[in-house]
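Working notes, beginning with the structure itself.
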Amino acid sequence: MTSGPMRAKAEPRGIERLVGFGRMLRARGLPVGTGRILAFCNAVAALDHLDRDGLYLAGRLTMVARKEDFDAYDEAFEQWLPSERERLLSELAGWQQDARVEEREVEVLVGEADSERDSDAGEGEGEEEEVTIGLVASGTEVLRAKSFEELSEVERHEADMAIRALAVALPLRRVRRYRAAPRGHRFDLRRTVRASLRTQGEPFHRAWRDRRSKRRPLVLLLDVSGSMSSYSRALLQFGYAAVRAGQRVEVFAFGTRLTRLTRALRRSEPDAALRQVAASVLDWEGGTRIGGSLKQLLDRYGQQAWMRGAVVVLCSDGLERGDPLVLAAQMARLGRVAHRLVWVNPLKGSPRYQPLARGMAAALPHVDAFLPGHNLQSLEALCEVLSA
Amino acid sequence: MGALPFESVEELQAVLGRHAYLADRGLATAVWLSLALNKPLLLEGEAGVGKTEVAKVLSALLDRSLVRLQCYEGIDASQALYEWDYSRQLIAVRAAQLGEHEADLFGPDFLVERPLLAAIRAGSRAVLLIDELDRADDEFEAFLLEVLSEFAVTIPEIGRVAAEQPPAVIITSNRTRELHDALKRRCLYHWIDHPSIDREVQIVRVRAPEVPEVLARQVARAVARLRAMDVAKRPGVAETIDWSQALAFLGAEQLEPDAASATLGALLKDHEDLELVRAKLDEVLESE
């Protein structure tokens, strides 16, 4: 690859190949801009020797910025550098000999490809595209109003994504302890005097103390009995969104007894966490004993810091198999411990619903908010109630 | 391209190894390209996989000084970049009042240098470690982006301070939150995984030579099994080393259930995890 004319010929091809890979990633939905493609070209030029692994790493280092995107990248790379790789590698090696990566050139190459695509689309395909966009948009509207139970597998995935994107903000609570603050309500004599020593006793710097605020914890109690599983699943996504937002979240599932799911949810991979949740709940789709489960919760965790003053969201249809009196008593207990008690009942999504079931009727007086939570729209409403 | 003191990625990998850091090819390539392209290297990965260590080793092997900026909630520019030494200024004012010589109150004498300014001034003689950036807030990230793109700051009273050659920059994040795209775009991104069993054995042997080979292998295997279990906090390499050392200190030649159970606290720091693993200890220790 060292002879002059060959190199001159190989040079443009090499960079075109690299830019092509960048565009391919972009086409697959990875956020790869011209800057990243440029960095990729530079990285390949800087590699000490060119092989498959080196190319793979150079691309991943420069064009992928999230671990979650690694799989998509691997797939694309496999496609880009298939069996013919020897030829491509030697082509690139020739180019690399004295690679010159000009920002302009990369921009032009990226741009050319884009305009090619645009002009392709201009001939008849443009309209079609528009129609598809319209469909997607209205599709989201439909999705928002559709009950979780009626979702197809694909829609459910979409809904999960939408739920995870919800901004869950919990109300603030003032912490009792005072601490040093740049501005505050209490004069901090100690720090002021200490600071004044350095200025020959002149209290030039006045220090203050103030009380801080903290977000309240969120406790999710999810009914996993037969009719409720698809709704509970959606709320679990909701819990996941809250965890990712850095909130203190505890999650429990209950059917006939209580299972703590918090640990599984803390895992970084949401889908793996959900599978584990499913595996760890022993009584998926059995009968429901809400009162007993609540008693278990309060006996075991009632004194925990994250339970006192928490925002508690209970998701259940309220069809209690146990004694409604027990449920009422436990709801009263829970109401005293929690800051706010929200009951999410998917049955309320139906306009004809009335809370007549004995369990539901017994629980209602202790509930601060009663919401449907059966579709995306109502989960958005839940978000608003939570932050109030 | 900056002149590198290494011939190849392989050589860099070997040099890292000589400094007791066993990097795989991915990480070595990341460091190589980061130095060659003068781009900050953003390292993510679970706690204890050796993200911070990369910067320390790099500063040692490049013979550059390590400038460390530890991020925390609420960190701001005055803690990261520079601040005026107000009390010294006050004293100087008094001295001036007493008729002594007049000092330039906003001259370099009164400037308190913080890590970022120190790194900019040192330029290519420094390795800048920005540790646990995910702990700082968004505003700080935006500010950092500005500094990282220019490697220059303007101090109104003094003027512009710019690095002739930018320092090597390593940024680490534990992913308690997602960093901004704009910042990521400036960086090379690498995810450090837990090492393979073989590599972890090597790491233990390098870092804790007093641990017998047999024990190190059994420990690494047990830790790998344990990471696959449902533990809330997966132990990192640092914990593996701690555990091996604890076992070796107690005179263990092999991984026995009693000693393992007694020293498990070196590996797992969560009560529920401890309970879970103690209950399944046989499974974890099972020899192949």
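Just remember, in the structure tokens the first chain shown is A, the second B, etc., residues are 1-based per chain, and ligands are 1-based in the order shown.
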Open item on the list: Using only C-alpha atoms and a distance of at most 6 Å, pull out the residues of chain B that contact chain A, as a PyMOL selection string.
Closed with: chain B and resi 8+87+188-190+232
Write out the residues from the selection above, keeping N, CA and C atoms, as a compact mmCIF listing (two decimals), in the first residue's frame.
```txt
# COMPACT_ATOMS: atom_id res chain seq x y z
N SER B 8 2.70 1.78 20.56
CA SER B 8 1.46 1.13 20.15
C SER B 8 0.55 0.93 21.35
N SER B 87 -9.56 37.12 52.93
CA SER B 87 -8.99 37.54 54.20
C SER B 87 -7.60 38.15 54.00
N LEU B 188 -14.42 10.84 24.56
CA LEU B 188 -14.50 9.45 24.16
C LEU B 188 -15.19 8.72 25.31
N TYR B 189 -15.98 7.73 24.94
CA TYR B 189 -16.76 7.07 25.98
C TYR B 189 -16.34 5.62 26.11
N HIS B 190 -16.06 5.22 27.32
CA HIS B 190 -15.75 3.81 27.53
C HIS B 190 -16.43 3.29 28.78
N ALA B 232 -27.96 -6.41 45.72
CA ALA B 232 -28.29 -5.01 45.43
C ALA B 232 -27.03 -4.26 45.03
```
Open item on the list: Report as a PyMOL selection string all protein, DNA and RNA residues lying within 7 Å of A:Arg260, evaluated on only C-alpha atoms, omitting residues in the same chain fewer than 4 positions from it.
Closed with: chain A and resi 251-253
Generate the output file for the selected residues, N, CA and C atoms, as a PDB file, in the first residue's frame.
```pdb
ATOM      1  N   VAL A 251     -40.758  -0.253  46.632  1.00  0.00           N
ATOM      2  CA  VAL A 251     -41.841  -0.902  45.899  1.00  0.00           C
ATOM      3  C   VAL A 251     -42.170  -2.246  46.534  1.00  0.00           C
ATOM      4  N   PHE A 252     -43.448  -2.479  46.740  1.00  0.00           N
ATOM      5  CA  PHE A 252     -43.907  -3.768  47.258  1.00  0.00           C
ATOM      6  C   PHE A 252     -44.973  -4.323  46.340  1.00  0.00           C
ATOM      7  N   ALA A 253     -44.976  -5.638  46.217  1.00  0.00           N
ATOM      8  CA  ALA A 253     -46.075  -6.282  45.508  1.00  0.00           C
ATOM      9  C   ALA A 253     -46.859  -7.087  46.526  1.00  0.00           C
TER      10      ALA A 253
END
```
Open item on the list: I need the residues of stretch 170-241 of chain B that end up classed as helix (DSSP H, G or I) by DSSP on the backbone, written out as a PyMOL selection string.
Closed with: chain B and resi 181-186+197-207+213-228+237-241
- [ ] Would you mind listing what lies within 7 Å of A:Phe254 as a list of chain:residue names, with only C-alpha atoms counted and same-chain residues fewer than 2 positions away left out?
- [x] A:Leu222, A:Asp223, A:Val224, A:Phe252, A:Thr256, A:Arg257, A:Leu258, A:Thr259, A:Ser293
Could you write out that same residue set with C-alpha atoms as an mmCIF file, in the first residue's frame?
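Saved the output as out-v7.cif:
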```cif
data_model
loop_
_atom_site.group_PDB
_atom_site.id
_atom_site.type_symbol
_atom_site.label_atom_id
_atom_site.label_comp_id
_atom_site.auth_asym_id
_atom_site.auth_seq_id
_atom_site.Cartn_x
_atom_site.Cartn_y
_atom_site.Cartn_z
ATOM 1 C CA LEU A 222 -48.811 -2.969 43.746
ATOM 2 C CA ASP A 223 -51.605 -5.505 43.608
ATOM 3 C CA VAL A 224 -50.448 -8.356 41.397
ATOM 4 C CA PHE A 252 -43.907 -3.768 47.258
ATOM 5 C CA THR A 256 -52.024 -12.867 49.446
ATOM 6 C CA ARG A 257 -48.820 -11.706 51.077
ATOM 7 C CA LEU A 258 -46.330 -8.900 50.769
ATOM 8 C CA THR A 259 -43.094 -9.038 48.730
ATOM 9 C CA SER A 293 -50.664 -7.342 53.372
#
```
Task: Closest of A:Leu18, A:Ala305, A:Val108, A:Leu50 to A:Val219 - atom-to-atom distances counting only C-alpha atoms - done: A:Ala305
Open item on the list: Applying 9 Å and only C-alpha atoms, which residues near stretch 370-380 of chain A remain after dropping the ones on its own chain fewer than 6 positions away? List them as number ranges by chain.
Closed with: A: 143-149, 159, 162-163, 166-167, 231, 234-235, 238, 315, 341-350, 364
